[in-house]
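Notes follow the structure.
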Amino acid sequence: MGDSYTIGIYEKAMPGKLTWKEKLIAAKEAGYDYVEISIDETDEKLARLDMTGEERNELVKLMQENSIPIRTMCLSGHRKYPMGSKEAMTQKRSMEIMEKAIILADDLGIRIIQLAGYDVYYEESDKETKAIFLKNLRFAVEMAAKYGVLLAFETMETDFMNTVKKAMDYVSLVDSPYLLVYPDLGNITNAAKENRADVKEDLESGRGHIAAVHIKETIPGKFREIPFGRGHVDFPSLIEKCYLMGVRKYVTEFWYVGSDTWKEELAETNKRFRDILNKFK
């Protein structure tokens with residue numbers, strides 16, 4: 001049976017110039033169970049949604065040959081093309097991205113697509129953008145249900161959805177087994193500190209609806225590229241809370257920033273969080 005949980009690595013923790021084969025091998029050698037693919041707002045990453053059937057089959061073959069799969073997708077491309085946009089063409093592009101991401105997930109064997117919890121990002125959020133977002137979200141969840149792929153909200157850094165509780169408002173409105181929450185421990189810690197709230201209580205509000213968890217370090221006001229151990233996230237306590245609520249999929253989210261020792265950092269990060277998770281299995 002092995003471990004009672006799986007731990008994945010965010011693709012961007014590795015150098016971008018690596019081939020898929022090199023990324024999969026590096027993740028496996030560092031001790032990870034799977035890789036989280038990034039579909040961000042860059043043209044290069046969005047182009048992955050148009051991979052040919054041959055390219056998809058080749059990637060599946062690489063996963064099988066190297067005994068490490070891609071099992072989650074971080075879909076942040078909606079920042080540029082948000083589901084709540086008032087612009088009709090942006091909305092259309094947003095839903096095209098959503099459908100293509102679901103089909104790609106189905107083809108590659110990806111179980112969970114992490115949705116960015118924004119109604120809009122580069123526009124002003126208001127009642128109209130929220131209503132448009134909810135309407136399009138319902139369509140997105142119907143598409144996901146057709147393919148049996150889970151959509152799960154990432155708790156973000158903006159006020160729209162920076163807590164599990166806010167994500168759960170939309171999960172409750174849509175009321176589908178195909179829409180869940182994928183909290184970012186760093187982001188919800190920042191939100192809790194800012195609002196003088198309790199992070200564990202926020203996690204509790206998502207009980208039974210948390211598909212996976214992003215393990216990420218933050219400091220007040222800063223949400224990216226904080227090395228583990230140099231921020232304020234109480235990982236042992238929060239991971240224990242998640243585990244006791246039944247969460248069994250975790251992804252360490254950090255970034256490659258040019259370090260020569262990135263392979264060692266991958267392995268060290270894997271060990272750091274396995275040491276925590278192994279206490280509960």
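Ligands are numbered from 1 in the order shown, residues from 1 within each chain, and chains are lettered A, B, ... in the order they appear in the structure tokens.
Near Asp198 (chain A), within 12 Å and counting only C-alpha atoms, sit Thr163, Val164, Lys165, Ile188, Thr189, Asn190, Ala191, Ala192, Lys193, Glu194, Asn195, Glu201, Asp202, Leu203, Glu204, Ser205, Asp234 and Leu238 of chain A; same-chain residues fewer than 3 positions away were not included.
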(request) Could you pull out the residues in region 25-173 of chain A that DSSP calls strand (DSSP E or B) from the backbone, as a ChimeraX atom specification? (result) /A:34-39,70-75,112-116,150-154
(request) Could you tell me which of A:Val199, A:Ile7, A:Val174, A:Ile103 comes closest to Met143 (chain A) if we count only C-alpha atoms? (result) A:Ile103
(message) Using only C-alpha atoms for the distances, tell me which of A:Leu108, A:Ala167, A:Phe228, A:Leu244 is nearest to Glu54 (chain A).
(response) A:Leu108
(message) Let me make sure I understand: among A:Tyr243, A:Tyr32, A:Phe133, A:Tyr182, which one has the smallest atom-to-atom distance to His78 (chain A) if we use only C-alpha atoms?
(response)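 Comparing A:Tyr243, A:Tyr32, A:Phe133, A:Tyr182 against His78 (chain A), the winner is A:Phe133.
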(message) When you count only C-alpha atoms, which of these residues is closest to Ser85 (chain A): A:Glu58, A:Glu41, A:Glu128, A:Glu264?
(response) A:Glu128
(request) Return the single residue from A:Tyr5, A:Trp262, A:Trp20, A:Phe160 that is closest to Lys281 (chain A), with distances computed using only C-alpha atoms. (result) A:Tyr5
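Counting only C-alpha atoms, the residue from A:Met168, A:Met161, A:Met95, A:Val120 that sits nearest to Ala144 (chain A) is A:Met95.
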(request) Would you mind listing what lies within 12 Å of Thr261 (chain A) as a ChimeraX atom specification, with only C-alpha atoms counted and same-chain residues fewer than 6 positions away left out? (result) /A:13-15,267-268
Write out as a short mmCIF file (atom, residue, chain, number, x, y, z; two decimals) with N, CA and C atoms, in the first residue's frame each polymer residue whose atoms come within 8 Å of region 25-29 of chain A, counting only C-alpha atoms; drop sequence neighbours fewer than 6 positions from it.
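Final output, saved to out-v3.cif:
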```
data_model
loop_
_atom_site.label_atom_id
_atom_site.label_comp_id
_atom_site.auth_asym_id
_atom_site.auth_seq_id
_atom_site.Cartn_x
_atom_site.Cartn_y
_atom_site.Cartn_z
N ILE A 9 4.92 17.75 -6.88
CA ILE A 9 5.79 18.92 -7.01
C ILE A 9 5.25 19.82 -8.11
N VAL A 35 3.63 15.08 -10.52
CA VAL A 35 3.96 16.45 -10.90
C VAL A 35 2.66 17.21 -11.15
N ASN A 66 8.71 6.38 -16.90
CA ASN A 66 9.48 6.88 -15.77
C ASN A 66 8.77 6.68 -14.43
N SER A 67 7.65 6.00 -14.47
CA SER A 67 6.87 5.65 -13.26
C SER A 67 6.55 6.85 -12.38
N ILE A 68 6.22 7.97 -13.03
CA ILE A 68 5.75 9.14 -12.28
C ILE A 68 4.75 9.91 -13.16
N LYS A 263 18.08 20.75 -7.55
CA LYS A 263 17.75 19.33 -7.36
C LYS A 263 17.78 18.97 -5.88
N LEU A 266 14.71 20.38 -4.20
CA LEU A 266 13.55 19.53 -4.43
C LEU A 266 13.51 18.39 -3.41
N ALA A 267 14.64 17.71 -3.28
CA ALA A 267 14.71 16.55 -2.37
C ALA A 267 14.53 16.97 -0.91
#
```
(request) Based on DSSP run over this structure's backbone, return all residues of region 85-178 of chain A in helix (DSSP H, G or I), as a ChimeraX atom specification. (result) /A:88-108,127-147,159-161,164-174
(request) To one decimal in Å, tell me the separation between CA of Glu265 (chain A) and CA of Arg56 (chain A). (result) 29.3 Å
